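Q: One file is attached below, target-v2.cif, containing mmCIF, C-alpha atoms.
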```
data_model
#
loop_
_atom_site.group_PDB
_atom_site.id
_atom_site.type_symbol
_atom_site.label_atom_id
_atom_site.label_comp_id
_atom_site.auth_asym_id
_atom_site.auth_seq_id
_atom_site.Cartn_x
_atom_site.Cartn_y
_atom_site.Cartn_z
ATOM 1 C CA MET A 1 -31.845 73.329 -56.372
ATOM 2 C CA GLN A 2 -32.351 69.589 -56.196
ATOM 3 C CA ARG A 3 -34.657 68.094 -58.814
ATOM 4 C CA ALA A 4 -37.843 66.431 -57.616
ATOM 5 C CA VAL A 5 -37.711 62.813 -58.780
ATOM 6 C CA PRO A 6 -41.117 61.645 -60.063
ATOM 7 C CA PRO A 7 -42.570 58.585 -58.319
ATOM 8 C CA PRO A 8 -42.937 55.241 -60.108
ATOM 9 C CA ASP A 9 -45.538 55.454 -62.863
ATOM 10 C CA PHE A 10 -46.749 51.858 -62.609
ATOM 11 C CA ARG A 11 -48.572 49.758 -60.025
ATOM 12 C CA TYR A 12 -47.860 46.211 -61.143
ATOM 13 C CA VAL A 13 -45.787 44.640 -63.902
ATOM 14 C CA GLY A 14 -46.081 40.863 -64.083
ATOM 15 C CA LEU A 15 -43.346 38.819 -65.751
ATOM 16 C CA GLU A 16 -43.342 35.136 -66.570
ATOM 17 C CA PRO A 17 -40.295 32.868 -66.800
ATOM 18 C CA GLY A 18 -38.893 32.129 -70.213
ATOM 19 C CA PRO A 19 -38.427 28.579 -71.534
ATOM 20 C CA GLU A 20 -35.390 26.687 -70.336
ATOM 21 C CA ARG A 21 -32.647 25.805 -72.811
ATOM 22 C CA GLU A 22 -33.428 22.086 -72.668
ATOM 23 C CA ARG A 23 -37.107 22.610 -73.399
ATOM 24 C CA ALA A 24 -36.383 24.949 -76.308
ATOM 25 C CA ARG A 25 -33.919 22.448 -77.750
ATOM 26 C CA ASN A 26 -36.386 19.554 -77.437
ATOM 27 C CA VAL A 27 -39.208 21.529 -79.037
ATOM 28 C CA GLY A 28 -36.959 22.529 -81.927
ATOM 29 C CA LEU A 29 -35.717 18.979 -82.459
ATOM 30 C CA CYS A 30 -39.231 17.551 -82.393
ATOM 31 C CA ALA A 31 -40.591 20.138 -84.822
ATOM 32 C CA GLY A 32 -37.615 19.725 -87.180
ATOM 33 C CA ALA A 33 -37.749 15.936 -87.098
ATOM 34 C CA CYS A 34 -41.490 15.893 -87.763
ATOM 35 C CA ALA A 35 -41.166 18.261 -90.720
ATOM 36 C CA PHE A 36 -38.211 16.337 -92.160
ATOM 37 C CA GLY A 37 -39.895 12.952 -91.715
ATOM 38 C CA THR A 38 -43.156 14.134 -93.230
ATOM 39 C CA GLY A 39 -41.362 15.612 -96.244
ATOM 40 C CA VAL A 40 -39.396 12.441 -96.916
ATOM 41 C CA ALA A 41 -42.466 10.229 -96.452
ATOM 42 C CA MET A 42 -44.555 12.265 -98.878
ATOM 43 C CA ALA A 43 -41.949 13.080 -101.541
ATOM 44 C CA GLY A 44 -39.673 10.073 -101.397
ATOM 45 C CA ALA A 45 -36.005 9.619 -100.582
ATOM 46 C CA GLU A 46 -34.491 11.251 -103.661
ATOM 47 C CA PRO A 47 -31.487 13.487 -102.897
ATOM 48 C CA ALA A 48 -33.336 16.635 -103.970
ATOM 49 C CA THR A 49 -36.384 15.879 -101.830
ATOM 50 C CA VAL A 50 -34.218 14.938 -98.855
ATOM 51 C CA ALA A 51 -32.415 18.280 -99.130
ATOM 52 C CA ALA A 52 -35.733 20.136 -99.360
ATOM 53 C CA ALA A 53 -37.079 18.206 -96.382
ATOM 54 C CA ALA A 54 -33.957 19.070 -94.397
ATOM 55 C CA VAL A 55 -34.448 22.770 -95.155
ATOM 56 C CA ALA A 56 -38.113 22.522 -94.162
ATOM 57 C CA GLY A 57 -37.121 20.763 -90.948
ATOM 58 C CA ALA A 58 -34.588 23.467 -90.065
ATOM 59 C CA LEU A 59 -37.123 26.220 -90.736
ATOM 60 C CA SER A 60 -39.760 24.381 -88.672
ATOM 61 C CA ALA A 61 -37.315 24.050 -85.784
ATOM 62 C CA LEU A 62 -36.459 27.764 -85.884
ATOM 63 C CA LEU A 63 -40.127 28.788 -86.018
ATOM 64 C CA ALA A 64 -41.021 26.440 -83.169
ATOM 65 C CA VAL A 65 -38.282 27.808 -80.931
ATOM 66 C CA ARG A 66 -39.204 31.374 -81.903
ATOM 67 C CA GLY A 67 -42.810 30.651 -81.003
ATOM 68 C CA LEU A 68 -41.759 29.871 -77.430
ATOM 69 C CA GLY A 69 -40.568 33.437 -77.014
ATOM 70 C CA PRO A 70 -37.276 34.693 -75.572
ATOM 71 C CA GLY A 71 -35.528 32.548 -73.042
ATOM 72 C CA ALA A 72 -32.186 30.942 -72.303
ATOM 73 C CA PHE A 73 -31.004 34.187 -70.699
ATOM 74 C CA GLY A 74 -27.588 32.801 -69.823
ATOM 75 C CA GLY A 75 -24.859 34.440 -67.785
ATOM 76 C CA GLY A 76 -25.981 32.904 -64.503
ATOM 77 C CA THR A 77 -29.453 34.414 -64.877
ATOM 78 C CA SER A 78 -32.348 32.686 -63.130
ATOM 79 C CA SER A 79 -35.589 32.638 -65.103
ATOM 80 C CA ALA A 80 -38.434 33.265 -62.666
ATOM 81 C CA ARG A 81 -41.948 34.632 -62.330
ATOM 82 C CA LEU A 82 -41.554 38.212 -61.147
ATOM 83 C CA ALA A 83 -43.846 40.999 -60.033
ATOM 84 C CA ILE A 84 -42.469 44.538 -60.107
ATOM 85 C CA VAL A 85 -44.360 47.003 -57.912
ATOM 86 C CA PRO A 86 -43.486 50.571 -56.811
ATOM 87 C CA TRP A 87 -41.791 49.288 -53.634
ATOM 88 C CA GLY A 88 -39.621 46.512 -55.018
ATOM 89 C CA VAL A 89 -39.677 43.140 -56.749
ATOM 90 C CA LEU A 90 -41.474 39.949 -55.747
ATOM 91 C CA VAL A 91 -39.689 36.785 -56.877
ATOM 92 C CA HIS A 92 -42.054 33.808 -57.092
ATOM 93 C CA ALA A 93 -39.355 31.152 -57.399
ATOM 94 C CA GLU A 94 -40.203 29.336 -54.167
ATOM 95 C CA ASP A 95 -43.256 28.463 -52.076
ATOM 96 C CA GLU A 96 -43.342 31.943 -50.555
ATOM 97 C CA PRO A 97 -42.642 35.109 -52.576
ATOM 98 C CA ARG A 98 -39.232 36.563 -51.987
ATOM 99 C CA VAL A 99 -39.300 40.314 -51.406
ATOM 100 C CA LEU A 100 -36.543 42.471 -52.899
ATOM 101 C CA ARG A 101 -36.753 46.087 -51.751
ATOM 102 C CA TRP A 102 -35.106 48.741 -53.894
ATOM 103 C CA ALA A 103 -32.092 48.934 -51.611
ATOM 104 C CA ALA A 104 -31.314 45.316 -52.551
ATOM 105 C CA VAL A 105 -31.660 45.876 -56.311
ATOM 106 C CA GLN A 106 -28.610 47.124 -58.212
ATOM 107 C CA SER A 107 -30.201 47.533 -61.628
ATOM 108 C CA VAL A 108 -33.290 46.871 -63.714
ATOM 109 C CA GLU A 109 -32.712 46.383 -67.442
ATOM 110 C CA VAL A 110 -35.367 46.066 -70.147
ATOM 111 C CA ARG A 111 -34.667 44.575 -73.579
ATOM 112 C CA TYR A 112 -37.297 44.555 -76.313
ATOM 113 C CA VAL A 113 -37.801 41.847 -78.931
ATOM 114 C CA HIS A 114 -39.247 43.386 -82.103
ATOM 115 C CA GLU A 115 -41.163 42.005 -85.060
ATOM 116 C CA MET A 116 -42.746 43.427 -88.198
ATOM 117 C CA ASP A 117 -46.544 43.795 -88.183
ATOM 118 C CA HIS A 118 -47.745 44.673 -91.697
ATOM 119 C CA ALA A 119 -44.440 46.408 -92.424
ATOM 120 C CA THR A 120 -44.665 48.300 -89.089
ATOM 121 C CA PRO A 121 -42.126 47.547 -86.331
ATOM 122 C CA ALA A 122 -43.803 46.290 -83.170
ATOM 123 C CA ILE A 123 -42.592 45.098 -79.768
ATOM 124 C CA ARG A 124 -43.354 41.408 -79.440
ATOM 125 C CA TRP A 125 -41.719 40.734 -76.069
ATOM 126 C CA SER A 126 -40.143 42.645 -73.208
ATOM 127 C CA VAL A 127 -37.331 40.875 -71.347
ATOM 128 C CA VAL A 128 -36.562 42.329 -67.913
ATOM 129 C CA ARG A 129 -33.448 41.574 -65.883
ATOM 130 C CA VAL A 130 -33.310 42.381 -62.177
ATOM 131 C CA ARG A 131 -29.786 42.361 -60.803
ATOM 132 C CA THR A 132 -28.877 42.141 -57.111
ATOM 133 C CA GLN A 133 -25.416 41.939 -55.588
ATOM 134 C CA ARG A 134 -25.310 38.133 -55.868
ATOM 135 C CA GLU A 135 -28.073 37.105 -58.265
ATOM 136 C CA VAL A 136 -29.712 38.016 -61.558
ATOM 137 C CA PHE A 137 -33.381 37.261 -62.199
ATOM 138 C CA ALA A 138 -35.138 37.574 -65.532
ATOM 139 C CA GLY A 139 -38.697 37.380 -66.779
ATOM 140 C CA ARG A 140 -40.636 38.354 -69.858
ATOM 141 C CA ALA A 141 -43.961 39.908 -70.823
ATOM 142 C CA HIS A 142 -45.914 40.219 -74.054
ATOM 143 C CA GLY A 143 -45.601 43.643 -75.627
ATOM 144 C CA ALA A 144 -43.958 46.673 -74.049
ATOM 145 C CA VAL A 145 -43.635 47.267 -70.311
ATOM 146 C CA CYS A 146 -43.571 50.745 -68.803
ATOM 147 C CA LEU A 147 -40.374 50.685 -66.748
ATOM 148 C CA GLU A 148 -38.366 53.533 -68.287
ATOM 149 C CA ARG A 149 -38.814 55.718 -65.208
ATOM 150 C CA LEU A 150 -37.692 52.877 -62.942
ATOM 151 C CA GLU A 151 -34.576 52.245 -65.039
ATOM 152 C CA ALA A 152 -33.643 55.923 -64.923
ATOM 153 C CA ASN A 153 -34.394 56.636 -61.264
ATOM 154 C CA LEU A 154 -33.630 53.389 -59.429
ATOM 155 C CA PRO A 155 -30.801 54.898 -57.288
ATOM 156 C CA HIS A 156 -33.098 57.754 -56.259
ATOM 157 C CA TYR A 157 -35.891 55.328 -55.378
ATOM 158 C CA ALA A 158 -33.525 53.245 -53.247
ATOM 159 C CA ALA A 159 -32.371 56.356 -51.381
ATOM 160 C CA GLU A 160 -35.944 57.590 -50.874
ATOM 161 C CA ALA A 161 -37.129 54.187 -49.639
ATOM 162 C CA SER A 162 -34.359 54.238 -47.028
ATOM 163 C CA LYS A 163 -35.362 57.620 -45.584
ATOM 164 C CA SER A 164 -36.714 57.810 -42.042
ATOM 165 C CA LEU A 165 -40.075 59.524 -41.523
ATOM 166 C CA ALA A 166 -40.392 62.826 -39.697
ATOM 167 C CA LEU A 167 -42.722 63.959 -36.928
ATOM 168 C CA ASP A 168 -42.708 67.572 -38.093
ATOM 169 C CA LEU A 169 -42.865 69.621 -41.292
ATOM 170 C CA ASP A 170 -39.137 70.312 -41.385
ATOM 171 C CA GLY A 171 -37.764 66.773 -41.225
ATOM 172 C CA SER A 172 -35.814 67.420 -38.050
ATOM 173 C CA THR A 173 -37.627 65.024 -35.667
ATOM 174 C CA VAL A 174 -37.307 61.388 -36.689
ATOM 175 C CA VAL A 175 -39.920 58.789 -35.831
ATOM 176 C CA ASP A 176 -38.448 55.693 -34.218
ATOM 177 C CA ASP A 177 -39.965 52.919 -36.321
ATOM 178 C CA PHE A 178 -38.548 50.212 -34.061
ATOM 179 C CA LEU A 179 -40.930 50.960 -31.193
ATOM 180 C CA ASP A 180 -44.557 51.828 -31.902
ATOM 181 C CA PRO A 181 -46.451 51.350 -35.161
ATOM 182 C CA VAL A 182 -45.373 54.238 -37.379
ATOM 183 C CA PHE A 183 -48.829 55.159 -38.675
ATOM 184 C CA GLU A 184 -50.256 55.389 -35.159
ATOM 185 C CA ARG A 185 -47.329 57.533 -33.996
ATOM 186 C CA LEU A 186 -47.568 59.892 -36.971
ATOM 187 C CA LEU A 187 -51.319 60.333 -36.567
ATOM 188 C CA ALA A 188 -51.037 60.952 -32.820
ATOM 189 C CA GLU A 189 -48.321 63.546 -33.374
ATOM 190 C CA ALA A 190 -50.306 65.277 -36.136
ATOM 191 C CA ARG A 191 -53.399 65.517 -33.944
ATOM 192 C CA HIS A 192 -51.307 66.693 -31.008
ATOM 193 C CA ALA A 193 -49.711 69.433 -33.111
ATOM 194 C CA LEU A 194 -53.126 70.647 -34.261
ATOM 195 C CA SER A 195 -54.780 70.490 -30.862
ATOM 196 C CA THR A 196 -52.005 72.238 -28.929
ATOM 197 C CA GLY A 197 -51.482 75.087 -31.365
ATOM 198 C CA VAL A 198 -47.872 74.176 -32.171
ATOM 199 C CA LEU A 199 -48.542 74.908 -35.842
ATOM 200 C CA SER A 200 -50.914 77.834 -35.308
ATOM 201 C CA GLU A 201 -48.561 80.448 -36.718
ATOM 202 C CA ARG A 202 -47.209 78.411 -39.591
ATOM 203 C CA LEU A 203 -50.632 77.164 -40.735
ATOM 204 C CA THR A 204 -52.580 80.282 -39.636
ATOM 205 C CA LEU A 205 -54.807 78.259 -37.317
ATOM 206 C CA PRO A 206 -57.202 79.860 -34.847
ATOM 207 C CA PRO A 207 -56.243 79.593 -31.164
ATOM 208 C CA ALA A 208 -56.814 76.138 -29.699
ATOM 209 C CA SER A 209 -59.970 75.687 -27.658
ATOM 210 C CA TYR A 210 -60.880 72.991 -25.179
ATOM 211 C CA ARG A 211 -64.403 73.111 -26.608
ATOM 212 C CA SER A 212 -63.301 71.914 -30.024
ATOM 213 C CA VAL A 213 -62.708 68.227 -30.674
ATOM 214 C CA ARG A 214 -62.023 68.568 -34.413
ATOM 215 C CA ALA A 215 -59.065 70.080 -36.179
ATOM 216 C CA ALA A 216 -59.623 73.570 -37.509
ATOM 217 C CA ALA A 217 -60.469 73.869 -41.180
ATOM 218 C CA ALA A 218 -57.451 74.612 -43.334
ATOM 219 C CA SER A 219 -57.105 78.132 -44.655
ATOM 220 C CA LEU A 220 -55.845 78.762 -48.173
ATOM 221 C CA GLN A 221 -52.429 79.630 -46.747
ATOM 222 C CA ALA A 222 -52.353 76.421 -44.689
ATOM 223 C CA GLN A 223 -53.291 74.321 -47.700
ATOM 224 C CA SER A 224 -50.615 76.017 -49.784
ATOM 225 C CA GLU A 225 -48.025 75.434 -47.043
ATOM 226 C CA LEU A 226 -48.906 71.741 -46.752
ATOM 227 C CA ARG A 227 -48.869 71.313 -50.518
ATOM 228 C CA ASP A 228 -45.407 72.880 -50.701
ATOM 229 C CA VAL A 229 -44.104 70.367 -48.160
ATOM 230 C CA LEU A 230 -45.725 67.479 -50.046
ATOM 231 C CA ILE A 231 -44.138 68.342 -53.400
ATOM 232 C CA ARG A 232 -40.784 69.623 -52.113
ATOM 233 C CA PRO A 233 -37.738 67.500 -53.100
ATOM 234 C CA LEU A 234 -36.327 65.476 -50.244
ATOM 235 C CA ALA A 235 -33.193 66.793 -48.594
ATOM 236 C CA PRO A 236 -30.204 64.617 -49.582
ATOM 237 C CA GLU A 237 -28.650 64.747 -46.114
ATOM 238 C CA PRO A 238 -29.265 61.481 -44.214
ATOM 239 C CA GLN A 239 -30.093 63.300 -40.970
ATOM 240 C CA HIS A 240 -33.118 64.967 -42.601
ATOM 241 C CA ALA A 241 -36.195 62.750 -42.370
ATOM 242 C CA ASP A 242 -39.141 62.714 -44.785
ATOM 243 C CA PRO A 243 -41.837 65.199 -43.631
ATOM 244 C CA ARG A 244 -44.360 64.358 -46.362
ATOM 245 C CA PRO A 245 -46.338 61.637 -44.500
ATOM 246 C CA PHE A 246 -46.766 63.994 -41.550
ATOM 247 C CA ALA A 247 -47.973 66.733 -43.923
ATOM 248 C CA ALA A 248 -50.363 64.290 -45.606
ATOM 249 C CA LEU A 249 -51.996 63.423 -42.273
ATOM 250 C CA LEU A 250 -52.262 67.104 -41.364
ATOM 251 C CA ALA A 251 -53.996 67.706 -44.685
ATOM 252 C CA ALA A 252 -56.410 64.841 -44.033
ATOM 253 C CA GLU A 253 -57.167 66.016 -40.504
ATOM 254 C CA MET A 254 -57.847 69.573 -41.684
ATOM 255 C CA GLY A 255 -59.750 68.639 -44.834
ATOM 256 C CA ALA A 256 -57.199 70.401 -47.049
ATOM 257 C CA MET A 257 -58.696 69.492 -50.418
ATOM 258 C CA GLN A 258 -56.329 71.758 -52.353
ATOM 259 C CA ALA A 259 -53.461 69.535 -51.216
ATOM 260 C CA LEU A 260 -55.185 66.331 -52.366
ATOM 261 C CA ASP A 261 -53.378 66.216 -55.714
ATOM 262 C CA ALA A 262 -50.037 66.386 -53.910
ATOM 263 C CA VAL A 263 -51.114 63.614 -51.517
ATOM 264 C CA LEU A 264 -52.163 61.454 -54.478
ATOM 265 C CA GLY A 265 -48.701 61.945 -55.944
ATOM 266 C CA LEU A 266 -47.266 60.008 -53.003
ATOM 267 C CA CYS A 267 -49.543 56.977 -53.396
ATOM 268 C CA THR A 268 -46.895 55.197 -55.482
ATOM 269 C CA SER A 269 -43.928 56.459 -53.475
ATOM 270 C CA PRO A 270 -41.066 53.919 -53.468
ATOM 271 C CA HIS A 271 -41.149 54.082 -49.649
ATOM 272 C CA PRO A 272 -43.866 51.599 -48.554
ATOM 273 C CA LEU A 273 -44.828 53.515 -45.411
ATOM 274 C CA VAL A 274 -45.019 56.823 -47.273
ATOM 275 C CA ALA A 275 -47.338 55.210 -49.818
ATOM 276 C CA THR A 276 -49.425 53.683 -47.010
ATOM 277 C CA VAL A 277 -49.893 56.997 -45.216
ATOM 278 C CA ALA A 278 -50.603 58.833 -48.471
ATOM 279 C CA ARG A 279 -53.276 56.349 -49.530
ATOM 280 C CA ALA A 280 -54.962 56.480 -46.131
ATOM 281 C CA ALA A 281 -54.882 60.297 -46.119
ATOM 282 C CA ALA A 282 -56.223 60.513 -49.672
ATOM 283 C CA LEU A 283 -59.050 58.100 -48.864
ATOM 284 C CA ARG A 284 -59.819 60.150 -45.765
ATOM 285 C CA LEU A 285 -60.113 63.210 -48.005
ATOM 286 C CA GLY A 286 -62.613 61.348 -50.186
ATOM 287 C CA ALA A 287 -60.424 60.125 -53.060
ATOM 288 C CA ASP A 288 -61.562 57.080 -54.995
ATOM 289 C CA VAL A 289 -59.679 53.869 -54.211
ATOM 290 C CA ARG A 290 -59.353 53.273 -57.955
ATOM 291 C CA ILE A 291 -57.152 56.366 -58.051
ATOM 292 C CA THR A 292 -55.212 55.855 -54.830
ATOM 293 C CA GLY A 293 -54.766 52.105 -55.165
ATOM 294 C CA ALA A 294 -55.809 49.605 -52.506
ATOM 295 C CA LEU A 295 -53.821 49.411 -49.286
ATOM 296 C CA ASP A 296 -53.686 45.626 -49.668
ATOM 297 C CA GLU A 297 -51.238 46.129 -52.540
ATOM 298 C CA LEU A 298 -48.594 46.882 -49.908
ATOM 299 C CA SER A 299 -49.186 43.721 -47.873
ATOM 300 C CA GLU A 300 -45.781 42.242 -48.788
ATOM 301 C CA PHE A 301 -43.931 45.384 -47.695
ATOM 302 C CA VAL A 302 -45.872 46.767 -44.701
ATOM 303 C CA ALA A 303 -46.810 45.039 -41.443
ATOM 304 C CA PRO A 304 -50.469 43.937 -41.166
ATOM 305 C CA ALA A 305 -51.004 46.114 -38.080
ATOM 306 C CA GLU A 306 -49.885 49.217 -39.989
ATOM 307 C CA LEU A 307 -52.174 48.430 -42.904
ATOM 308 C CA ALA A 308 -55.128 47.783 -40.596
ATOM 309 C CA MET A 309 -54.691 51.174 -38.886
ATOM 310 C CA ALA A 310 -54.312 52.934 -42.206
ATOM 311 C CA ALA A 311 -57.398 51.211 -43.638
ATOM 312 C CA ALA A 312 -59.480 52.142 -40.606
ATOM 313 C CA TYR A 313 -58.354 55.744 -40.842
ATOM 314 C CA GLY A 314 -59.033 55.991 -44.581
ATOM 315 C CA ALA A 315 -62.489 54.453 -44.212
ATOM 316 C CA ALA A 316 -63.634 57.315 -41.931
ATOM 317 C CA HIS A 317 -64.010 60.098 -44.495
ATOM 318 C CA ALA A 318 -63.569 63.599 -43.155
#
```
What do you get writing this file as structure tokens?
A:
Amino acid sequence: MQRAVPPPDFRYVGLEPGPERERARNVGLCAGACAFGTGVAMAGAEPATVAAAAVAGALSALLAVRGLGPGAFGGGTSSARLAIVPWGVLVHAEDEPRVLRWAAVQSVEVRYVHEMDHATPAIRWSVVRVRTQREVFAGRAHGAVCLERLEANLPHYAAEASKSLALDLDGSTVVDDFLDPVFERLLAEARHALSTGVLSERLTLPPASYRSVRAAAASLQAQSELRDVLIRPLAPEPQHADPRPFAALLAAEMGAMQALDAVLGLCTSPHPLVATVARAAALRLGADVRITGALDELSEFVAPAELAMAAAYGAAHA
């Protein structure tokens, strides 16, 4: 049985560019020269004092360069301000952020720079390299960054983010995301399935009635069925679409609170549209936005029209 890959366990990791080689060299030279000159001026130009001043200058240069933090990544690496989010990497090297989705990222590597803090090893810096087919970007952050899950599961995240979305619970009917807005199509199909009784047997729904304008309340069996779909590992075959967003909207329409934890588990899905639908469905079920994460966090990866529909849907609590 295929293993369920856990979603990204972070929302935002900000990285700053490291110092350029030229700047590090200039800072070291200035610090060393100042220390050497001060030593000679205060102690005289005797050979012994000159040697001591030279040692002090070298130590001052090393400490000054070390104080700048890691940099000079080399190997054709571009030092840049980066933002790593569950759906990809934002490169702030130009006027407008450059968006790298997981399919465009070949690897993410984290290297730690340690130091001793009162005889206890501590992580002083984290250096992160993001490698694409043609480029390598690097940035750094103070302390440790939580990217172990991303390093281990990047190929799985790229495959999941490339999955089409389904209009049923089996992943057999694919939504055409080149025509209508996906969120609107998914919601319309979910409401149609509930109102016409297509899922009556599978979700143990009462017979459809023209008098009812609301979806029937979810039975315990229906909630269990929806939760199973939400936590089930995705089928590896490319022809099988992702049924979880459809199940999340069904849960929201039926008020299936027992499936809320499974819906929340999709809020950081590496697929931007899956995360959008999950956040809207969770908000509809009454989840706190501090738990789901704001829909605006996906603005670089999801069209504004999709986000507006999702926000409007989530704002109308069931």
Q: For the PyMOL selection byres ((chain A and resi 216-222) around 6), applied here, can you spell out every residue it catches as a list of chain:residue names?
A: A:Leu203, A:Ala215, A:Gln223, A:Ser224, A:Glu225, A:Met254, A:Ala256
Q: So what does the PyMOL selection byres ((chain A and resi 165) around 8) actually pick up in this one, as an mmCIF file with C-alpha atoms, in the coordinates of the input?
A:
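Done, and the output landed in out10.cif:
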```
data_model
loop_
_atom_site.group_PDB
_atom_site.id
_atom_site.type_symbol
_atom_site.label_atom_id
_atom_site.label_comp_id
_atom_site.auth_asym_id
_atom_site.auth_seq_id
_atom_site.Cartn_x
_atom_site.Cartn_y
_atom_site.Cartn_z
ATOM 1 C CA LYS A 163 -35.362 57.620 -45.584
ATOM 2 C CA SER A 164 -36.714 57.810 -42.042
ATOM 3 C CA ALA A 166 -40.392 62.826 -39.697
ATOM 4 C CA LEU A 167 -42.722 63.959 -36.928
ATOM 5 C CA GLY A 171 -37.764 66.773 -41.225
ATOM 6 C CA VAL A 174 -37.307 61.388 -36.689
ATOM 7 C CA VAL A 175 -39.920 58.789 -35.831
ATOM 8 C CA ALA A 241 -36.195 62.750 -42.370
ATOM 9 C CA ASP A 242 -39.141 62.714 -44.785
ATOM 10 C CA PRO A 243 -41.837 65.199 -43.631
ATOM 11 C CA PRO A 245 -46.338 61.637 -44.500
#
```
Q: At what distance in Å, to one decimal, does atom CA of A:Trp102 lie from atom CA of A:Thr268?
A: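 If I compute the distance from atom CA of A:Thr268 to atom CA of A:Trp102, I get 13.5 Å.
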Q: Name the residues captured by the PyMOL selection byres ((chain A and resi 277) around 8) when it is applied to the shown file; answer as a PyMOL selection string.
A: chain A and resi 183+245+248-249+273-276+278-281+310
Q: I'd like the interatomic distance between atom CA of A:Pro86 and atom CA of A:Asp170, to a tenth of an Å.
A: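 Straight-line distance from atom CA of A:Pro86 to atom CA of A:Asp170 works out to 25.4 Å.
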Q: Please return as a PyMOL selection string every residue within 7 Å of (-43.5, 35.3, -68.9), taking into account all atoms listed in the file and the file's own coordinates.
A: chain A and resi 15-18+81+139-141
Q: Record the distance separating atom CA of A:Val5 and atom CA of A:Gly293, expressed in Å with one decimal.
A: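 The value is 20.5 Å.
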Q: Using only C-alpha atoms, which residue out of A:Thr204, A:Thr292, A:Gln239, A:Thr173 lies closest to A:Glu189?
A: A:Thr173
Q: Give the answer as one residue: which of A:Glu201, A:Asp296, A:Glu109, A:Glu237 has the shortest atom-to-atom distance to A:Val136, using all atoms listed in the file?
A: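 Going through A:Glu201, A:Asp296, A:Glu109, A:Glu237 one by one, the smallest distance to A:Val136 is for A:Glu109.
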Q: When distances are computed from all atoms listed in the file, which of A:Ala161, A:Val127, A:Ala4, A:Ala138 shows the smallest separation from A:Ala80?
A: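 For A:Ala80, the nearest of the given residues is A:Ala138.
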Q: Return as AutoDock Vina command-line options the centre and edge lengths, in Å with one decimal, of the box along x, y and z that encloses every atom of stretch 253-262 of chain A in the file, padded by 6 Å per side.
A:
```
--center_x -54.9 --center_y 68.9 --center_z -48.1 --size_x 21.7 --size_y 17.7 --size_z 27.2
```
Q: Within 9 Å of (-48.8, 52.0, -62.5), only C-alpha atoms: residues as a PyMOL selection string?
A: chain A and resi 8-13+85-86+146+268
Q: Rank A:Asp168, A:Gly143, A:Leu298, A:Ala104 by their smallest atom-to-atom distance to A:Leu186, using all atoms listed in the file, and report the top residue only.
A: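 Using all atoms listed in the file, the shortest distance to A:Leu186 belongs to A:Asp168.
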Q: Which of these residues is nearest to A:Tyr313, using all atoms listed in the file: A:Glu151, A:Asp176, A:Glu135, A:Glu253?
A: A:Glu253
Q: From the list A:Arg124, A:Arg191, A:Arg284, A:Arg129, which residue is nearest A:Val89 when using only C-alpha atoms?
A: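 Smallest distance to A:Val89 is found for A:Arg129.
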